[in-house]
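Asks: Once you've had a glance at the structure underneath, I'll fire off some questions.
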Amino acid sequence: MEGGPGATRRALSHIKKSNQYLILLPFTKTLTNQYLFVIKSADDKVLSHLHTTFYSRKTMNETVEMLPKKTHSPGVGYEIIKQIGVSDAFTTYACIIRRAGKPDREGILKIANSVAMNGILDREADLLRDMRFESQSIEEEYKEANCGKETFNLNYHFTFPKVQDSFICVEQGGRRINLLSFWNIADTIGELEPLSHIRDRLGCRIDARSSAWILGKLLKTLVFTHSVRVVGVSFDGDNILINRDKHFVALFDWSMAKRATGKLDPKLKAAEIAEVTKSVVYVMGFDPEDGKIRATADLPEEYAVILRRLIEGRESRAVEAHKKFYAVVESLWGRKFHSFTSFTTEKN
Amino acid sequence: MGDREYTRAAYERVEREVTDRGGPSTSAGEQRHREGRGLDPLVDPKCHGVVRISRTFRKQQPDGTWVQQKDPAMLLETRWDTTSSMRDNVDIGFQVLPRLHDLLTKGDHAPLRRYELQIINSIFGDVCDDYVLCRTTAEMDEKIAELMTLMVPCRDGGDATEDPDYGLFAAAYLTWAEIVKFGLKSYDFTITDAPYRGRIDYDQLKRIFGESVIEKVTTNGFKMRSVDLPTTQEIVDDLHKTAHAFALILASEKGSVSECWRELFGEEHVVVLPSMELLPEVQAVIAGLTEATLSLGDVADFLQASNVPKEMATKVKRAVSHIPLGAQAALPNYTSIPKKGAVFGTKNDIVPLDAGVQKRAQIGAGKSNKKPSQWL
């Protein structure tokens with residue numbers, strides 16, 4: 001189709017009544033007042049193109065306002081692999097995420113169990129997006145502050161999923177869907193496992209040096225979340241995902257996390273530091289509630305001391321906790337890479 | 001109630017009258033008070049039947065049935081603290097009224113565009129003042145603005161604790177909103193920077209609402225005895241049953257004030273206002289998030305489209321992100337309230353005669369053309 005503004009409006013009016021939507025693209029760079037509308041169906045199939053000319057931006061803007069609003073980002077689709085979890089508020093699936101022009105990759109689909117639960121996923125998606133923006137800002141500030149020095153990337157954004165899309169799905173009864181990915185830390189969902197599964201499902205425990213990199217990364221996560229005043233995320237072992245081979249750690253579900261309105265209560269911060277430590281201590285084979293973390297052949301007394309200190313809530317600043325923890329780890333083992341090591345619990 | 005509508009031109013006429021009179025927006029009401037004539041009955045809580053009514057205009061047909069002439073009435077009450085540092089609130093409320101109305105009813109994402117917006121404004125001081133409470137009737141046209149000019153704000157300090165409790169009492173027990181009968185909730189905002197009293201006094205109740213206040217409450221469908229009045233906590237708990245009620249606290253106040261209101265309203269229903277100037281935007285965003293016409297991701301764009309700077313838009317979003325999102329949309333009758341043109345057997349019927357046909361049409365309209373291959 002080709003036409004001027006009048007023909008375009010008539011075409012748009014017709015398209016608006018049908019189950020179609022449009023993407024507006026600049027047609028060519030040399031002809032700045034020519035535009036291309038790509039008309040797609042609800043399942044992203046290209047139906048036709050409309051070339052049109054607008055002689056003023058005002059006219060173009062008025063026409064663009066008529067465009068039907070699609071419920072999710074053009075070109076983002078999904079295919080379900082299997083259900084992996086269900087809670088009171090939402091159900092979680094492993095899925096393939098499709099993005100236009102990019103290879104399909106595995107991701108996570110969360111769908112609200114009812115319209116009443118849509119807000120929980122809305123809040124999660126918004127928070128995750130904000131956190132990604134904040135982590136990028138912090139990374140830039142860190143690089144500027146350390147310009148010329150050899151530094152590592154902070155990579156705070158590795159510790160939480162990326163929101164690929166969040167939308168109300170009309171076909172699923174108006175329920176909200178969050179499409180999430182962990183592509184920074186795993187190529188497939190199978191590379192990630194919940195920390196608690198190591199003991200609960202596999203009957204294994206991890207060695208002290210493996211626990212050190214896991215807990216170190218979790219404390220680093222707390223440095224970030226406390227700095228941006230995000231609290232309420234679960235640090236239960238079921239919610240901590242690890243990539244054994246690549247030494248990545250992330251938190252899976254952020255639906256209960258929220259932004260605190262004022263300064264964080266030191267007791268709350270200490271409790272979160274204690275919670276992450278307990279989750280790690282659990283998969284080391286100890287009972288985190290009885291506080292009896294004993295030095296063993298592979299668990300030096302100094303390491304047991306710092307673990308007890310964190311569990312007892314004696315550190316309320318994540319920055320300090322992280323610093324003290326790594327001071328002990330480096331004094332014991334240096335900064336050498338240690339492959340993930342676990343034993344069956346008979347070997348205790 | 002009637003078939004009148006709010007227009008910007010009508011508001012501007014009222015605004016010109018205020019400007020011509022000179023002084024604050026409430027100079028008409030304040031002059032009347034100085035002359036010893038008391039509150040204008042249109043803003044006196046004890047007048048006009050005491051119970052404030054919000055209903056949609058219906059017209060009787062020759063065959064005796066009643067046809068709804070407009071979209072269902074949605075009541076929004078704003079309760080302003082007008083003491084001490086908040087003394088100019090009613091003037092601010094008057095000036096921002098057109099912006100509030102436009103944000104709520106105009107545009108694709110307007111939160112309340114599927115309703116006919118009806119507004120009650122009330123102002124409160126404390127029991128030491130000449131008038132503890134002024135409360136308008138529910139209006140949908142330029143009368144919203146006219147009635148604000150008849151109020152008599154305290155503009156003074158009084159004791160440190162204010163008395164919004166009587167305004168909350170009125171909202172909970174002396175309000176009849178048709179939208180509640182349809183199964184949804186109205187909207188209620190209290191704007192303050194001071195703590196509440198925590199209790200109400202029968203003598204003050206009679207002073208504000210008249211001798212027959214308890215009778216009015218019971219006629220309105222609530223059980224109450226003068227010797228066993230509810231506490232403010234009980235009042236707010238009842239208010240939550242019929243309204244999406246929020247306390248908006250000024251950011252400049254001490255943290256203890258926000259905390260006491262959080263204990264009263266619940267954390268999800270207290271919002272710290274980044275700026276008084278952005279009150280209409282905050283109210284509109286709260287309504288949009290509650291109606292699910294806005295998601296959190298839309299808030300910044302919605303606000304920036306209203307010329308709110310990006311940084312302030314982010315502050316507003318963060319201030320409201322904890323409220324119960326989609327609370328109105330989650331109510332069972334959200335998609336089946338009677339629309340303009342619905343036919344009723346009597347003026348007071350809640351269910352239209354053609355309810356079955358309307359419901360099927362609405363269900364059909366909401367149904368996707370494409371059947372999902374997999375229900376998740």
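Residue numbering restarts at 1 for every chain of the structure tokens, chains are lettered A, B, ... in their displayed order, and ligands are numbered from 1 as they appear.
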Identify all chain A residues at most 6 Å from chain B by counting only C-alpha atoms; ligands do not count. Present them as a compact mmCIF listing (two decimals) with N, CA and C atoms, in the first residue's frame.
Replies:
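The resulting part33.txt:
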# COMPACT_ATOMS: atom_id res chain seq x y z
N VAL A 115 -5.82 -12.81 37.72
CA VAL A 115 -5.67 -11.38 37.47
C VAL A 115 -5.32 -10.65 38.76
N ALA A 116 -5.84 -11.16 39.87
CA ALA A 116 -5.58 -10.50 41.16
C ALA A 116 -4.09 -10.53 41.51
N GLY A 119 -0.35 -7.81 39.91
CA GLY A 119 0.47 -6.75 40.50
C GLY A 119 1.80 -7.27 41.03
N ASP A 126 9.20 -4.41 37.29
CA ASP A 126 9.62 -3.02 37.42
C ASP A 126 10.87 -2.91 38.28
N GLU A 171 -4.74 -13.63 25.73
CA GLU A 171 -5.10 -15.03 25.45
C GLU A 171 -5.12 -15.89 26.71
Asks: With DSSP run on the backbone, what are the strand (DSSP E) residues within region 201-315 of chain A? I'd like them as a PyMOL selection string.
Replies: chain A and resi 204-206+230-231+240-243+248-251+258-259
Asks: Could you dump the residues just selected with C-alpha atoms as a PDB file, in the first residue's frame?
Replies:
ATOM      1  CA  CYS A 204      25.859 -34.117  48.966  1.00  0.00           C
ATOM      2  CA  ARG A 205      27.707 -31.368  50.784  1.00  0.00           C
ATOM      3  CA  ILE A 206      30.083 -28.795  49.378  1.00  0.00           C
ATOM      4  CA  VAL A 230      15.979  -3.370  48.050  1.00  0.00           C
ATOM      5  CA  VAL A 231      14.875  -5.831  50.711  1.00  0.00           C
ATOM      6  CA  ILE A 240      19.756 -19.313  45.163  1.00  0.00           C
ATOM      7  CA  LEU A 241      20.830 -20.597  41.752  1.00  0.00           C
ATOM      8  CA  ILE A 242      24.400 -21.596  41.070  1.00  0.00           C
ATOM      9  CA  ASN A 243      26.261 -22.399  37.887  1.00  0.00           C
ATOM     10  CA  PHE A 248      28.030 -17.802  38.961  1.00  0.00           C
ATOM     11  CA  VAL A 249      25.389 -17.233  41.623  1.00  0.00           C
ATOM     12  CA  ALA A 250      22.011 -15.561  41.148  1.00  0.00           C
ATOM     13  CA  LEU A 251      18.742 -15.155  42.958  1.00  0.00           C
ATOM     14  CA  LYS A 258      10.573  -4.239  47.472  1.00  0.00           C
ATOM     15  CA  ARG A 259      12.246  -0.880  47.733  1.00  0.00           C
TER      16      ARG A 259
END
Asks: DSSP on the backbone: what in region 35-229 of chain B comes out alpha helix (DSSP H), as a PDB file with C-alpha atoms, in the first residue's frame?
Replies:
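Now in states.pdb:
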ATOM      1  CA  ASN B  89      -3.955  23.192  50.646  1.00  0.00           C
ATOM      2  CA  VAL B  90      -7.456  24.073  49.608  1.00  0.00           C
ATOM      3  CA  ASP B  91      -6.091  26.817  47.341  1.00  0.00           C
ATOM      4  CA  ILE B  92      -3.710  24.281  45.811  1.00  0.00           C
ATOM      5  CA  GLY B  93      -6.561  21.835  45.441  1.00  0.00           C
ATOM      6  CA  PHE B  94      -8.636  24.457  43.645  1.00  0.00           C
ATOM      7  CA  GLN B  95      -5.817  25.381  41.268  1.00  0.00           C
ATOM      8  CA  VAL B  96      -4.932  21.811  40.339  1.00  0.00           C
ATOM      9  CA  LEU B  97      -8.517  20.627  39.900  1.00  0.00           C
ATOM     10  CA  PRO B  98      -8.471  20.883  36.073  1.00  0.00           C
ATOM     11  CA  ARG B  99      -5.213  18.954  35.928  1.00  0.00           C
ATOM     12  CA  LEU B 100      -6.579  16.272  38.238  1.00  0.00           C
ATOM     13  CA  HIS B 101      -9.760  15.932  36.205  1.00  0.00           C
ATOM     14  CA  ASP B 102      -7.875  15.693  32.904  1.00  0.00           C
ATOM     15  CA  LEU B 103      -5.376  13.169  34.232  1.00  0.00           C
ATOM     16  CA  LEU B 104      -8.157  10.965  35.558  1.00  0.00           C
ATOM     17  CA  THR B 105     -10.550  11.106  32.628  1.00  0.00           C
ATOM     18  CA  LYS B 143     -19.741  22.737  41.028  1.00  0.00           C
ATOM     19  CA  ILE B 144     -16.726  20.807  42.238  1.00  0.00           C
ATOM     20  CA  ALA B 145     -14.780  24.056  42.009  1.00  0.00           C
ATOM     21  CA  GLU B 146     -17.644  26.285  43.172  1.00  0.00           C
ATOM     22  CA  LEU B 147     -18.117  24.333  46.365  1.00  0.00           C
ATOM     23  CA  MET B 148     -14.420  24.520  47.189  1.00  0.00           C
ATOM     24  CA  ASP B 165     -10.955  11.211  62.286  1.00  0.00           C
ATOM     25  CA  TYR B 166     -14.325  12.892  61.710  1.00  0.00           C
ATOM     26  CA  GLY B 167     -13.677  13.127  57.980  1.00  0.00           C
ATOM     27  CA  LEU B 168     -12.778   9.454  57.938  1.00  0.00           C
ATOM     28  CA  PHE B 169     -15.966   8.736  59.887  1.00  0.00           C
ATOM     29  CA  ALA B 170     -17.978  10.555  57.242  1.00  0.00           C
ATOM     30  CA  ALA B 171     -16.276   8.661  54.441  1.00  0.00           C
ATOM     31  CA  ALA B 172     -16.902   5.304  56.080  1.00  0.00           C
ATOM     32  CA  TYR B 173     -20.458   5.731  57.373  1.00  0.00           C
ATOM     33  CA  GLU B 178     -23.504   3.431  43.779  1.00  0.00           C
ATOM     34  CA  ILE B 179     -20.179   2.038  42.553  1.00  0.00           C
ATOM     35  CA  VAL B 180     -19.940   0.107  45.824  1.00  0.00           C
ATOM     36  CA  LYS B 181     -23.344  -1.439  45.183  1.00  0.00           C
ATOM     37  CA  TYR B 202     -19.998  11.938  70.491  1.00  0.00           C
ATOM     38  CA  ASP B 203     -20.460  15.619  71.288  1.00  0.00           C
ATOM     39  CA  GLN B 204     -18.091  16.568  68.475  1.00  0.00           C
ATOM     40  CA  LEU B 205     -19.935  14.165  66.161  1.00  0.00           C
ATOM     41  CA  LYS B 206     -23.195  15.930  66.906  1.00  0.00           C
ATOM     42  CA  ARG B 207     -21.517  19.328  66.548  1.00  0.00           C
ATOM     43  CA  ILE B 208     -20.231  18.417  63.077  1.00  0.00           C
ATOM     44  CA  PHE B 209     -22.991  16.219  61.661  1.00  0.00           C
ATOM     45  CA  VAL B 213     -25.871  11.607  63.159  1.00  0.00           C
ATOM     46  CA  ILE B 214     -26.238   8.103  64.603  1.00  0.00           C
ATOM     47  CA  GLU B 215     -29.665   7.742  63.005  1.00  0.00           C
ATOM     48  CA  LYS B 216     -28.170   8.783  59.666  1.00  0.00           C
ATOM     49  CA  VAL B 217     -25.417   6.182  60.042  1.00  0.00           C
ATOM     50  CA  THR B 218     -27.886   3.401  60.794  1.00  0.00           C
ATOM     51  CA  THR B 219     -30.221   4.461  57.976  1.00  0.00           C
TER      52      THR B 219
END
Asks: Considering only C-alpha atoms, return as a ChimeraX atom specification whatever protein or nucleic-acid residues lie within 10 Å of Pro266 (chain A), sequence-local ones (same chain, fewer than 5 positions apart) excluded.
Replies: /A:271-272,313,315-317
Asks: Excluding same-chain residues fewer than 3 positions from His109 (chain B), what lies within 8 Å of it counting only C-alpha atoms, as a list of chain:residue names?
Replies: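 Contacts, in chain order: B:Lys106, B:Gly288, B:Thr293, B:Leu294, B:Phe302.
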Asks: Counting only C-alpha atoms, which of A:Asp238, A:Glu144, A:Asp165, A:Asp265 gets nearest to Lys110 (chain A)?
Replies: A:Asp165
Asks: With distances taken over only C-alpha atoms, which of A:Lys217, A:Arg209, A:Arg294, A:Arg314 is nearest to Trp333 (chain A)?
Replies: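 Nearest to Trp333 (chain A): A:Arg209.
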Asks: Any idea what the distance is between CA of Gly210 (chain B) and CA of Asp141 (chain B)?
Replies: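 Atom-to-atom, CA of Gly210 (chain B) and CA of Asp141 (chain B) are spaced 27.7 Å apart.
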Asks: Any idea what's packed within 9 Å of region 146-158 of chain A, counting only C-alpha atoms, ignoring anything in its chain fewer than 4 positions away? Could you give it as a list in words?
Replies: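 Once the nearby chain positions are removed, what remains is Met131, Arg132, Phe133, Ser135, Gln136, Ile138, Glu139, Glu141, Tyr142, Lys162, Phe182, Trp183, Asn184, Ile185, Lys220, Thr221, Phe224, Phe248, Val249 and Ala250 of chain A.
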Asks: Give me, as JSON, numbers by chain, all polymer residues having an atom no more than 8 Å from Thr188 (chain A), counting only C-alpha atoms and skipping those fewer than 2 positions away in the same chain.
Replies: {"A": [105, 106, 107, 183, 186, 190, 191, 192]}
Asks: Export C-alpha atoms of the chosen residues as an mmCIF file, in the first residue's frame?
Replies:
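Resulting contents of part_3.cif:
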data_model
loop_
_atom_site.group_PDB
_atom_site.id
_atom_site.type_symbol
_atom_site.label_atom_id
_atom_site.label_comp_id
_atom_site.auth_asym_id
_atom_site.auth_seq_id
_atom_site.Cartn_x
_atom_site.Cartn_y
_atom_site.Cartn_z
ATOM 1 C CA ARG A 105 17.389 -19.053 23.952
ATOM 2 C CA GLU A 106 16.057 -20.655 27.093
ATOM 3 C CA GLY A 107 14.430 -18.501 29.685
ATOM 4 C CA TRP A 183 21.803 -15.337 29.829
ATOM 5 C CA ALA A 186 24.063 -19.689 31.807
ATOM 6 C CA GLY A 190 19.807 -26.767 33.025
ATOM 7 C CA GLU A 191 23.163 -25.198 33.905
ATOM 8 C CA LEU A 192 21.570 -23.566 36.928
#
Asks: Could you state the separation of CA of Asp104 (chain A) and CA of Ser181 (chain A) in Å, given to one decimal place?
Replies: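 It comes out at 11.7 Å.
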Asks: So the first atom is CA of Ser342 (chain A) and the second is CA of Ser210 (chain A); what is the distance between them in Å, to one decimal place?
Replies: 8.1 Å
Asks: Which one is closest to Val233 (chain A): A:Leu268, A:Val319, A:Ala208, A:Val329? Count only C-alpha atoms.
Replies: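 For Val233 (chain A), the nearest of the candidates is A:Leu268.
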